[in-house]
Amino acid sequence: MPTSATQVFFAAVGDVHGHMNRMVNHLRHATDVFHQQFDFVLQVGDFEPHRDEADLATMAAPAKYRHLGDFDAYHRLRRGFPWPVYFIGGNHEPYGYLDTHPEGFELTRHCHYLGRVGVMDLHGLRVVGLSGVYSEEHFTKQRPPLSALGSVSNKDFTYFNERDLEQALELKHADVLLLHDWPSGVITPEDAARFEGQRRSPSYDAVGNDYARLLVDALQPKLVLCGHLHQHYAGTLQHPSGKKTEVRCLSSVEEGWSAFAYYELAGESLYTLGITD
């Protein structure tokens with residue numbers, strides 16, 4: 001493992017869906033393997049921090065996927081996140097809760113929502129996040145106000161829109177970019193068979209969206225992290241400037257090791273570290 005006076009060690013986590021205990025247990029195992037504690041943890045949406053049934057009622061999801069999960073124990077400080085966790089919103093979140101602070105906020109100790117569009121400096125890394133997923137129908141529309149909850153579909157709160165994208169583009173630079181959905185063009189033809197005929201990816205070149213890719217091309221981060229499809233995938237995007245962006249797509253924590261990735265920053269270099277159990 002590289003060593004440096006400016007060494008930073010962090011983890012990335014895919015969709016949690018309320019399984020905070022499972023996430024923490026996996027990460028504790030990783031710290032035992034690496035003999036090192038995380039400086040922070042980044043999470044790519046569908047975190048599902050439901051405090052109670054009222055929060056759960058504002059989530060967009062079929063009834064069979066609606067469950068409170070583990071977050072209430074963390075919110076009440078009966079359990080704690082051992083490291084600072086920074087997450088974005090996905091398409092299954094209690095936006096009735098999260099949108100009370102669309103600029104982002106600390107939900108409980110060591111648990112931070114980055115907001116609809118957020119930026120944080122974490123140990124010298126500029127981390128930018130864009131919450132939500134893309135919908136052609138909703139992209140040019142204004143999101144409903146929270147007062148409309150109950151009279152409009154919960155899904156109307158799950159999309160990023162044109163103003164969100166413009167706000168993210170105004171940030172101009174990122175070292176790490178958090179997205180829920182994938183950027184388009186990340187899958188190579190050699191890997192096409194993995195993505196054929198699935199509900200959210202009828203063909204490999206239909207995976208992701210062009211607006212997420214536009215943001216990647218504009219900010220040119222070292223690393224993009226995303227979730228949503230419950231598939232793990234690693235790719236690289238080449239920019240006209242000559243810079244390259246590593247893209248790491250993560251599965252859900254229910255699927256085990258493929259939902260997690262580990263990184264070390266030493267100086268200007270970002271290293272990917274791996275364990276598979």
# chains A, B, ... in the order shown; residues from 1 in each chain; ligands from 1
call {"tool": "closest_atom_pairs", "arguments": {"of": "segment 91-138 of chain A", "to": "segment 219-226 of chain A", "cutoff": "12 Å", "atoms": "only C-alpha atoms", "output": "CSV"}}
result
residue,atom,partner,partner_atom,distance
A:Leu125,CA,A:Lys222,CA,10.0
A:Arg126,CA,A:Pro221,CA,9.0
A:Val127,CA,A:Pro221,CA,9.0
A:Val128,CA,A:Pro221,CA,9.2
A:Gly129,CA,A:Leu225,CA,9.6
A:Leu130,CA,A:Cys226,CA,10.3
A:Ser131,CA,A:Cys226,CA,10.6
A:Gly132,CA,A:Cys226,CA,11.2
A:Val133,CA,A:Cys226,CA,10.9
call {"tool": "closest_atom_pairs", "arguments": {"of": "segment 72-108 of chain A", "to": "segment 39-56 of chain A", "cutoff": "6 Å", "atoms": "only C-alpha atoms", "output": "Markdown table"}}
result
| residue | atom | partner | partner_atom | distance |
| --- | --- | --- | --- | --- |
| A:Asp72 | CA | A:Arg51 | CA | 4.7 |
| A:Trp83 | CA | A:Phe40 | CA | 5.6 |
| A:Pro84 | CA | A:Phe40 | CA | 4.9 |
| A:Val85 | CA | A:Val41 | CA | 4.7 |
| A:Tyr86 | CA | A:Leu42 | CA | 5.0 |
| A:Phe87 | CA | A:Gln43 | CA | 4.5 |
| A:Ile88 | CA | A:Gly45 | CA | 4.9 |
| A:Gly89 | CA | A:Gly45 | CA | 4.5 |
| A:Gly90 | CA | A:Gly45 | CA | 4.1 |
| A:His92 | CA | A:Asp46 | CA | 5.2 |
| A:Glu93 | CA | A:Glu48 | CA | 5.0 |
| A:Pro94 | CA | A:Asp55 | CA | 5.3 |
call {"tool": "select_by_dssp", "arguments": {"residues": "segment 75-259 of chain A", "states": "alpha helix (DSSP H)", "output": "JSON, numbers by chain"}}
result
{"A": [75, 95, 96, 97, 98, 162, 163, 164, 165, 166, 167, 168, 169, 210, 211, 212, 213, 214, 215, 216, 217, 218, 219]}
call {"tool": "write_last_selection", "arguments": {"atoms": "N, CA and C atoms", "output": "PDB file, in the first residue's frame"}}
result
ATOM      1  N   HIS A  75     -30.413   7.346  14.014  1.00  0.00           N
ATOM      2  CA  HIS A  75     -30.981   8.671  14.252  1.00  0.00           C
ATOM      3  C   HIS A  75     -31.193   8.916  15.748  1.00  0.00           C
ATOM      4  N   TYR A  95     -37.775  11.748   0.373  1.00  0.00           N
ATOM      5  CA  TYR A  95     -37.528  13.138  -0.008  1.00  0.00           C
ATOM      6  C   TYR A  95     -38.396  14.121   0.773  1.00  0.00           C
ATOM      7  N   GLY A  96     -39.469  13.632   1.370  1.00  0.00           N
ATOM      8  CA  GLY A  96     -40.214  14.500   2.275  1.00  0.00           C
ATOM      9  C   GLY A  96     -39.377  14.959   3.451  1.00  0.00           C
ATOM     10  N   TYR A  97     -38.388  14.171   3.810  1.00  0.00           N
ATOM     11  CA  TYR A  97     -37.417  14.519   4.861  1.00  0.00           C
ATOM     12  C   TYR A  97     -36.212  15.235   4.261  1.00  0.00           C
ATOM     13  N   LEU A  98     -35.600  14.647   3.246  1.00  0.00           N
ATOM     14  CA  LEU A  98     -34.355  15.203   2.703  1.00  0.00           C
ATOM     15  C   LEU A  98     -34.569  16.587   2.093  1.00  0.00           C
ATOM     16  N   GLU A 162     -33.067  20.301 -14.977  1.00  0.00           N
ATOM     17  CA  GLU A 162     -32.120  21.141 -15.702  1.00  0.00           C
ATOM     18  C   GLU A 162     -31.402  22.115 -14.776  1.00  0.00           C
ATOM     19  N   ARG A 163     -32.132  22.666 -13.822  1.00  0.00           N
ATOM     20  CA  ARG A 163     -31.500  23.612 -12.883  1.00  0.00           C
ATOM     21  C   ARG A 163     -30.464  22.912 -12.003  1.00  0.00           C
ATOM     22  N   ASP A 164     -30.753  21.693 -11.568  1.00  0.00           N
ATOM     23  CA  ASP A 164     -29.769  20.926 -10.788  1.00  0.00           C
ATOM     24  C   ASP A 164     -28.494  20.735 -11.594  1.00  0.00           C
ATOM     25  N   LEU A 165     -28.659  20.348 -12.860  1.00  0.00           N
ATOM     26  CA  LEU A 165     -27.487  20.113 -13.707  1.00  0.00           C
ATOM     27  C   LEU A 165     -26.694  21.399 -13.896  1.00  0.00           C
ATOM     28  N   GLU A 166     -27.390  22.502 -14.144  1.00  0.00           N
ATOM     29  CA  GLU A 166     -26.699  23.786 -14.318  1.00  0.00           C
ATOM     30  C   GLU A 166     -25.923  24.160 -13.059  1.00  0.00           C
ATOM     31  N   GLN A 167     -26.539  23.917 -11.907  1.00  0.00           N
ATOM     32  CA  GLN A 167     -25.868  24.229 -10.646  1.00  0.00           C
ATOM     33  C   GLN A 167     -24.619  23.372 -10.477  1.00  0.00           C
ATOM     34  N   ALA A 168     -24.709  22.095 -10.856  1.00  0.00           N
ATOM     35  CA  ALA A 168     -23.546  21.206 -10.762  1.00  0.00           C
ATOM     36  C   ALA A 168     -22.460  21.624 -11.741  1.00  0.00           C
ATOM     37  N   LEU A 169     -22.846  22.022 -12.946  1.00  0.00           N
ATOM     38  CA  LEU A 169     -21.867  22.462 -13.939  1.00  0.00           C
ATOM     39  C   LEU A 169     -21.130  23.717 -13.486  1.00  0.00           C
ATOM     40  N   ASP A 210     -27.175  10.830 -20.896  1.00  0.00           N
ATOM     41  CA  ASP A 210     -26.231  11.767 -21.501  1.00  0.00           C
ATOM     42  C   ASP A 210     -25.958  12.981 -20.616  1.00  0.00           C
ATOM     43  N   TYR A 211     -26.901  13.340 -19.738  1.00  0.00           N
ATOM     44  CA  TYR A 211     -26.673  14.510 -18.891  1.00  0.00           C
ATOM     45  C   TYR A 211     -25.681  14.201 -17.777  1.00  0.00           C
ATOM     46  N   ALA A 212     -25.732  12.986 -17.258  1.00  0.00           N
ATOM     47  CA  ALA A 212     -24.703  12.576 -16.302  1.00  0.00           C
ATOM     48  C   ALA A 212     -23.339  12.561 -16.990  1.00  0.00           C
ATOM     49  N   ARG A 213     -23.298  12.096 -18.233  1.00  0.00           N
ATOM     50  CA  ARG A 213     -22.041  12.078 -18.982  1.00  0.00           C
ATOM     51  C   ARG A 213     -21.548  13.503 -19.251  1.00  0.00           C
ATOM     52  N   LEU A 214     -22.473  14.401 -19.569  1.00  0.00           N
ATOM     53  CA  LEU A 214     -22.100  15.806 -19.771  1.00  0.00           C
ATOM     54  C   LEU A 214     -21.428  16.370 -18.530  1.00  0.00           C
ATOM     55  N   LEU A 215     -21.951  16.030 -17.361  1.00  0.00           N
ATOM     56  CA  LEU A 215     -21.366  16.515 -16.114  1.00  0.00           C
ATOM     57  C   LEU A 215     -19.978  15.925 -15.893  1.00  0.00           C
ATOM     58  N   VAL A 216     -19.822  14.646 -16.199  1.00  0.00           N
ATOM     59  CA  VAL A 216     -18.497  14.015 -16.078  1.00  0.00           C
ATOM     60  C   VAL A 216     -17.498  14.707 -16.996  1.00  0.00           C
ATOM     61  N   ASP A 217     -17.903  14.948 -18.236  1.00  0.00           N
ATOM     62  CA  ASP A 217     -17.002  15.573 -19.203  1.00  0.00           C
ATOM     63  C   ASP A 217     -16.651  17.003 -18.797  1.00  0.00           C
ATOM     64  N   ALA A 218     -17.573  17.697 -18.149  1.00  0.00           N
ATOM     65  CA  ALA A 218     -17.319  19.079 -17.746  1.00  0.00           C
ATOM     66  C   ALA A 218     -16.424  19.163 -16.512  1.00  0.00           C
ATOM     67  N   LEU A 219     -16.674  18.306 -15.517  1.00  0.00           N
ATOM     68  CA  LEU A 219     -15.923  18.384 -14.256  1.00  0.00           C
ATOM     69  C   LEU A 219     -14.616  17.589 -14.302  1.00  0.00           C
TER      70      LEU A 219
END
call {"tool": "residues_around", "arguments": {"residues": "Ile187 of chain A", "least_positions_apart": "4", "cutoff": "10 Å", "atoms": "only C-alpha atoms", "output": "ChimeraX atom specification"}}
result
/A:182-183,191-192,194-195,204-208,233-237,247
call {"tool": "write_last_selection", "arguments": {"atoms": "N, CA and C atoms", "output": "mmCIF file, in the first residue's frame"}}
result
data_model
loop_
_atom_site.group_PDB
_atom_site.id
_atom_site.type_symbol
_atom_site.label_atom_id
_atom_site.label_comp_id
_atom_site.auth_asym_id
_atom_site.auth_seq_id
_atom_site.Cartn_x
_atom_site.Cartn_y
_atom_site.Cartn_z
ATOM 1 N N TRP A 182 -25.915 5.944 -13.960
ATOM 2 C CA TRP A 182 -24.615 5.865 -14.622
ATOM 3 C C TRP A 182 -24.516 6.926 -15.716
ATOM 4 N N PRO A 183 -23.337 7.405 -16.010
ATOM 5 C CA PRO A 183 -23.155 8.228 -17.208
ATOM 6 C C PRO A 183 -23.206 7.347 -18.451
ATOM 7 N N ASP A 191 -18.175 -5.769 -23.193
ATOM 8 C CA ASP A 191 -18.968 -6.129 -22.017
ATOM 9 C C ASP A 191 -20.464 -6.046 -22.277
ATOM 10 N N ALA A 192 -20.837 -5.896 -23.538
ATOM 11 C CA ALA A 192 -22.243 -5.636 -23.871
ATOM 12 C C ALA A 192 -23.184 -6.734 -23.389
ATOM 13 N N ARG A 194 -23.409 -8.450 -20.822
ATOM 14 C CA ARG A 194 -23.850 -8.350 -19.422
ATOM 15 C C ARG A 194 -25.066 -7.464 -19.255
ATOM 16 N N PHE A 195 -25.331 -6.598 -20.241
ATOM 17 C CA PHE A 195 -26.348 -5.564 -20.075
ATOM 18 C C PHE A 195 -27.497 -5.685 -21.072
ATOM 19 N N TYR A 204 -26.628 -2.432 -24.081
ATOM 20 C CA TYR A 204 -25.528 -1.813 -23.357
ATOM 21 C C TYR A 204 -25.405 -0.321 -23.654
ATOM 22 N N ASP A 205 -25.755 0.087 -24.883
ATOM 23 C CA ASP A 205 -25.593 1.493 -25.222
ATOM 24 C C ASP A 205 -26.772 2.347 -24.770
ATOM 25 N N ALA A 206 -27.767 1.708 -24.113
ATOM 26 C CA ALA A 206 -28.876 2.454 -23.528
ATOM 27 C C ALA A 206 -28.678 2.678 -22.037
ATOM 28 N N VAL A 207 -27.597 2.162 -21.481
ATOM 29 C CA VAL A 207 -27.341 2.301 -20.050
ATOM 30 C C VAL A 207 -26.859 3.719 -19.742
ATOM 31 N N GLY A 208 -27.381 4.283 -18.671
ATOM 32 C CA GLY A 208 -26.943 5.604 -18.253
ATOM 33 C C GLY A 208 -27.664 6.711 -18.996
ATOM 34 N N TYR A 233 -19.405 -2.564 -11.997
ATOM 35 C CA TYR A 233 -18.730 -2.388 -13.281
ATOM 36 C C TYR A 233 -17.649 -1.330 -13.116
ATOM 37 N N ALA A 234 -16.527 -1.542 -13.738
ATOM 38 C CA ALA A 234 -15.438 -0.566 -13.716
ATOM 39 C C ALA A 234 -15.080 -0.203 -15.148
ATOM 40 N N GLY A 235 -15.048 1.088 -15.417
ATOM 41 C CA GLY A 235 -14.700 1.555 -16.748
ATOM 42 C C GLY A 235 -13.875 2.819 -16.681
ATOM 43 N N THR A 236 -13.471 3.305 -17.839
ATOM 44 C CA THR A 236 -12.673 4.527 -17.939
ATOM 45 C C THR A 236 -13.241 5.389 -19.053
ATOM 46 N N LEU A 237 -13.350 6.679 -18.782
ATOM 47 C CA LEU A 237 -13.768 7.639 -19.798
ATOM 48 C C LEU A 237 -12.596 8.559 -20.117
ATOM 49 N N VAL A 247 -14.489 5.215 -13.684
ATOM 50 C CA VAL A 247 -15.893 5.091 -13.290
ATOM 51 C C VAL A 247 -16.070 3.763 -12.577
#
call {"tool": "residues_around", "arguments": {"residues": "Ala61 of chain A", "least_positions_apart": "2", "cutoff": "9 Å", "atoms": "only C-alpha atoms", "output": "count of residues only"}}
result
10
call {"tool": "decode", "arguments": {"residues": "segment 33-82 of chain A", "atoms": "N, CA and C atoms", "output": "PDB file, in the first residue's frame"}}
result
ATOM      1  N   VAL A  33      -9.071  -5.875   7.519  1.00  0.00           N
ATOM      2  CA  VAL A  33      -8.199  -6.388   6.447  1.00  0.00           C
ATOM      3  C   VAL A  33      -7.068  -5.407   6.157  1.00  0.00           C
ATOM      4  N   PHE A  34      -7.421  -4.118   6.066  1.00  0.00           N
ATOM      5  CA  PHE A  34      -6.432  -3.105   5.713  1.00  0.00           C
ATOM      6  C   PHE A  34      -5.644  -2.585   6.907  1.00  0.00           C
ATOM      7  N   HIS A  35      -6.075  -2.935   8.119  1.00  0.00           N
ATOM      8  CA  HIS A  35      -5.426  -2.440   9.343  1.00  0.00           C
ATOM      9  C   HIS A  35      -5.370  -0.915   9.345  1.00  0.00           C
ATOM     10  N   GLN A  36      -6.481  -0.311   8.951  1.00  0.00           N
ATOM     11  CA  GLN A  36      -6.528   1.136   8.821  1.00  0.00           C
ATOM     12  C   GLN A  36      -7.985   1.590   8.880  1.00  0.00           C
ATOM     13  N   GLN A  37      -8.251   2.710   9.539  1.00  0.00           N
ATOM     14  CA  GLN A  37      -9.600   3.252   9.616  1.00  0.00           C
ATOM     15  C   GLN A  37      -9.864   4.209   8.456  1.00  0.00           C
ATOM     16  N   PHE A  38     -11.119   4.290   8.044  1.00  0.00           N
ATOM     17  CA  PHE A  38     -11.497   5.199   6.974  1.00  0.00           C
ATOM     18  C   PHE A  38     -11.512   6.646   7.458  1.00  0.00           C
ATOM     19  N   ASP A  39     -11.057   7.536   6.606  1.00  0.00           N
ATOM     20  CA  ASP A  39     -11.229   8.956   6.887  1.00  0.00           C
ATOM     21  C   ASP A  39     -12.669   9.389   6.641  1.00  0.00           C
ATOM     22  N   PHE A  40     -13.323   8.751   5.660  1.00  0.00           N
ATOM     23  CA  PHE A  40     -14.733   9.005   5.380  1.00  0.00           C
ATOM     24  C   PHE A  40     -15.251   7.914   4.454  1.00  0.00           C
ATOM     25  N   VAL A  41     -16.575   7.885   4.299  1.00  0.00           N
ATOM     26  CA  VAL A  41     -17.256   6.922   3.440  1.00  0.00           C
ATOM     27  C   VAL A  41     -18.175   7.708   2.501  1.00  0.00           C
ATOM     28  N   LEU A  42     -18.164   7.362   1.210  1.00  0.00           N
ATOM     29  CA  LEU A  42     -19.030   7.989   0.219  1.00  0.00           C
ATOM     30  C   LEU A  42     -20.087   6.985  -0.223  1.00  0.00           C
ATOM     31  N   GLN A  43     -21.333   7.455  -0.352  1.00  0.00           N
ATOM     32  CA  GLN A  43     -22.436   6.552  -0.715  1.00  0.00           C
ATOM     33  C   GLN A  43     -23.240   7.168  -1.847  1.00  0.00           C
ATOM     34  N   VAL A  44     -23.685   6.330  -2.801  1.00  0.00           N
ATOM     35  CA  VAL A  44     -24.145   6.815  -4.099  1.00  0.00           C
ATOM     36  C   VAL A  44     -25.663   6.855  -4.260  1.00  0.00           C
ATOM     37  N   GLY A  45     -26.412   6.884  -3.184  1.00  0.00           N
ATOM     38  CA  GLY A  45     -27.856   7.024  -3.273  1.00  0.00           C
ATOM     39  C   GLY A  45     -28.607   5.736  -2.993  1.00  0.00           C
ATOM     40  N   ASP A  46     -29.945   5.861  -2.830  1.00  0.00           N
ATOM     41  CA  ASP A  46     -30.776   4.800  -2.275  1.00  0.00           C
ATOM     42  C   ASP A  46     -30.217   4.363  -0.921  1.00  0.00           C
ATOM     43  N   PHE A  47     -29.869   5.369  -0.147  1.00  0.00           N
ATOM     44  CA  PHE A  47     -29.419   5.153   1.228  1.00  0.00           C
ATOM     45  C   PHE A  47     -30.614   4.798   2.111  1.00  0.00           C
ATOM     46  N   GLU A  48     -31.727   5.470   1.913  1.00  0.00           N
ATOM     47  CA  GLU A  48     -32.996   5.251   2.607  1.00  0.00           C
ATOM     48  C   GLU A  48     -32.904   5.501   4.118  1.00  0.00           C
ATOM     49  N   PRO A  49     -32.627   6.744   4.504  1.00  0.00           N
ATOM     50  CA  PRO A  49     -32.567   7.077   5.926  1.00  0.00           C
ATOM     51  C   PRO A  49     -33.956   7.407   6.494  1.00  0.00           C
ATOM     52  N   HIS A  50     -34.794   6.388   6.621  1.00  0.00           N
ATOM     53  CA  HIS A  50     -36.143   6.578   7.139  1.00  0.00           C
ATOM     54  C   HIS A  50     -36.118   6.610   8.671  1.00  0.00           C
ATOM     55  N   ARG A  51     -36.631   7.679   9.240  1.00  0.00           N
ATOM     56  CA  ARG A  51     -36.729   7.768  10.703  1.00  0.00           C
ATOM     57  C   ARG A  51     -37.979   7.074  11.223  1.00  0.00           C
ATOM     58  N   ASP A  52     -39.046   7.089  10.416  1.00  0.00           N
ATOM     59  CA  ASP A  52     -40.336   6.588  10.884  1.00  0.00           C
ATOM     60  C   ASP A  52     -41.243   6.333   9.684  1.00  0.00           C
ATOM     61  N   GLU A  53     -42.479   5.928   9.978  1.00  0.00           N
ATOM     62  CA  GLU A  53     -43.437   5.625   8.910  1.00  0.00           C
ATOM     63  C   GLU A  53     -43.770   6.852   8.076  1.00  0.00           C
ATOM     64  N   ALA A  54     -43.739   8.032   8.689  1.00  0.00           N
ATOM     65  CA  ALA A  54     -44.030   9.256   7.939  1.00  0.00           C
ATOM     66  C   ALA A  54     -42.985   9.490   6.860  1.00  0.00           C
ATOM     67  N   ASP A  55     -41.713   9.259   7.181  1.00  0.00           N
ATOM     68  CA  ASP A  55     -40.662   9.356   6.163  1.00  0.00           C
ATOM     69  C   ASP A  55     -40.878   8.314   5.067  1.00  0.00           C
ATOM     70  N   LEU A  56     -41.181   7.102   5.489  1.00  0.00           N
ATOM     71  CA  LEU A  56     -41.349   6.002   4.537  1.00  0.00           C
ATOM     72  C   LEU A  56     -42.466   6.308   3.538  1.00  0.00           C
ATOM     73  N   ALA A  57     -43.487   7.014   3.998  1.00  0.00           N
ATOM     74  CA  ALA A  57     -44.628   7.326   3.129  1.00  0.00           C
ATOM     75  C   ALA A  57     -44.265   8.280   2.002  1.00  0.00           C
ATOM     76  N   THR A  58     -43.129   8.974   2.112  1.00  0.00           N
ATOM     77  CA  THR A  58     -42.726   9.915   1.056  1.00  0.00           C
ATOM     78  C   THR A  58     -41.762   9.296   0.050  1.00  0.00           C
ATOM     79  N   MET A  59     -41.438   8.012   0.219  1.00  0.00           N
ATOM     80  CA  MET A  59     -40.530   7.340  -0.702  1.00  0.00           C
ATOM     81  C   MET A  59     -41.301   6.783  -1.887  1.00  0.00           C
ATOM     82  N   ALA A  60     -40.713   6.865  -3.073  1.00  0.00           N
ATOM     83  CA  ALA A  60     -41.293   6.268  -4.276  1.00  0.00           C
ATOM     84  C   ALA A  60     -40.777   4.846  -4.411  1.00  0.00           C
ATOM     85  N   ALA A  61     -41.654   3.862  -4.184  1.00  0.00           N
ATOM     86  CA  ALA A  61     -41.279   2.449  -4.318  1.00  0.00           C
ATOM     87  C   ALA A  61     -42.535   1.595  -4.191  1.00  0.00           C
ATOM     88  N   PRO A  62     -42.569   0.444  -4.860  1.00  0.00           N
ATOM     89  CA  PRO A  62     -43.683  -0.483  -4.647  1.00  0.00           C
ATOM     90  C   PRO A  62     -43.765  -0.907  -3.186  1.00  0.00           C
ATOM     91  N   ALA A  63     -44.952  -1.295  -2.751  1.00  0.00           N
ATOM     92  CA  ALA A  63     -45.187  -1.629  -1.342  1.00  0.00           C
ATOM     93  C   ALA A  63     -44.234  -2.702  -0.829  1.00  0.00           C
ATOM     94  N   LYS A  64     -43.892  -3.680  -1.687  1.00  0.00           N
ATOM     95  CA  LYS A  64     -43.047  -4.784  -1.219  1.00  0.00           C
ATOM     96  C   LYS A  64     -41.632  -4.330  -0.880  1.00  0.00           C
ATOM     97  N   TYR A  65     -41.224  -3.139  -1.374  1.00  0.00           N
ATOM     98  CA  TYR A  65     -39.890  -2.629  -1.076  1.00  0.00           C
ATOM     99  C   TYR A  65     -39.890  -1.567   0.024  1.00  0.00           C
ATOM    100  N   ARG A  66     -41.033  -1.294   0.588  1.00  0.00           N
ATOM    101  CA  ARG A  66     -41.124  -0.267   1.627  1.00  0.00           C
ATOM    102  C   ARG A  66     -40.863  -0.896   2.999  1.00  0.00           C
ATOM    103  N   HIS A  67     -39.736  -0.567   3.574  1.00  0.00           N
ATOM    104  CA  HIS A  67     -39.439  -1.027   4.934  1.00  0.00           C
ATOM    105  C   HIS A  67     -38.607   0.043   5.621  1.00  0.00           C
ATOM    106  N   LEU A  68     -38.757   0.132   6.923  1.00  0.00           N
ATOM    107  CA  LEU A  68     -38.085   1.203   7.656  1.00  0.00           C
ATOM    108  C   LEU A  68     -36.574   1.056   7.656  1.00  0.00           C
ATOM    109  N   GLY A  69     -36.086  -0.158   7.697  1.00  0.00           N
ATOM    110  CA  GLY A  69     -34.638  -0.325   7.709  1.00  0.00           C
ATOM    111  C   GLY A  69     -34.038   0.017   9.065  1.00  0.00           C
ATOM    112  N   ASP A  70     -32.727   0.235   9.055  1.00  0.00           N
ATOM    113  CA  ASP A  70     -31.963   0.361  10.295  1.00  0.00           C
ATOM    114  C   ASP A  70     -31.757   1.799  10.752  1.00  0.00           C
ATOM    115  N   PHE A  71     -32.113   2.781   9.936  1.00  0.00           N
ATOM    116  CA  PHE A  71     -31.658   4.138  10.214  1.00  0.00           C
ATOM    117  C   PHE A  71     -32.196   4.708  11.518  1.00  0.00           C
ATOM    118  N   ASP A  72     -33.399   4.320  11.916  1.00  0.00           N
ATOM    119  CA  ASP A  72     -33.972   4.886  13.133  1.00  0.00           C
ATOM    120  C   ASP A  72     -33.041   4.727  14.334  1.00  0.00           C
ATOM    121  N   ALA A  73     -32.362   3.576  14.425  1.00  0.00           N
ATOM    122  CA  ALA A  73     -31.443   3.351  15.552  1.00  0.00           C
ATOM    123  C   ALA A  73     -30.264   4.316  15.514  1.00  0.00           C
ATOM    124  N   TYR A  74     -29.821   4.684  14.317  1.00  0.00           N
ATOM    125  CA  TYR A  74     -28.721   5.643  14.177  1.00  0.00           C
ATOM    126  C   TYR A  74     -29.218   7.064  14.457  1.00  0.00           C
ATOM    127  N   HIS A  75     -30.413   7.346  14.014  1.00  0.00           N
ATOM    128  CA  HIS A  75     -30.981   8.671  14.252  1.00  0.00           C
ATOM    129  C   HIS A  75     -31.193   8.916  15.748  1.00  0.00           C
ATOM    130  N   ARG A  76     -31.574   7.883  16.467  1.00  0.00           N
ATOM    131  CA  ARG A  76     -31.801   7.990  17.915  1.00  0.00           C
ATOM    132  C   ARG A  76     -30.516   7.790  18.719  1.00  0.00           C
ATOM    133  N   LEU A  77     -29.386   7.609  18.002  1.00  0.00           N
ATOM    134  CA  LEU A  77     -28.066   7.435  18.603  1.00  0.00           C
ATOM    135  C   LEU A  77     -27.963   6.168  19.447  1.00  0.00           C
ATOM    136  N   ARG A  78     -28.803   5.183  19.123  1.00  0.00           N
ATOM    137  CA  ARG A  78     -28.644   3.871  19.745  1.00  0.00           C
ATOM    138  C   ARG A  78     -27.516   3.098  19.067  1.00  0.00           C
ATOM    139  N   ARG A  79     -27.272   3.441  17.825  1.00  0.00           N
ATOM    140  CA  ARG A  79     -26.119   2.944  17.092  1.00  0.00           C
ATOM    141  C   ARG A  79     -25.434   4.149  16.465  1.00  0.00           C
ATOM    142  N   GLY A  80     -24.194   3.944  16.010  1.00  0.00           N
ATOM    143  CA  GLY A  80     -23.473   5.069  15.416  1.00  0.00           C
ATOM    144  C   GLY A  80     -22.656   4.647  14.210  1.00  0.00           C
ATOM    145  N   PHE A  81     -22.503   5.555  13.274  1.00  0.00           N
ATOM    146  CA  PHE A  81     -21.600   5.335  12.153  1.00  0.00           C
ATOM    147  C   PHE A  81     -20.177   5.601  12.637  1.00  0.00           C
ATOM    148  N   PRO A  82     -19.279   4.635  12.516  1.00  0.00           N
ATOM    149  CA  PRO A  82     -17.914   4.817  13.044  1.00  0.00           C
ATOM    150  C   PRO A  82     -17.094   5.851  12.284  1.00  0.00           C
TER     151      PRO A  82
END
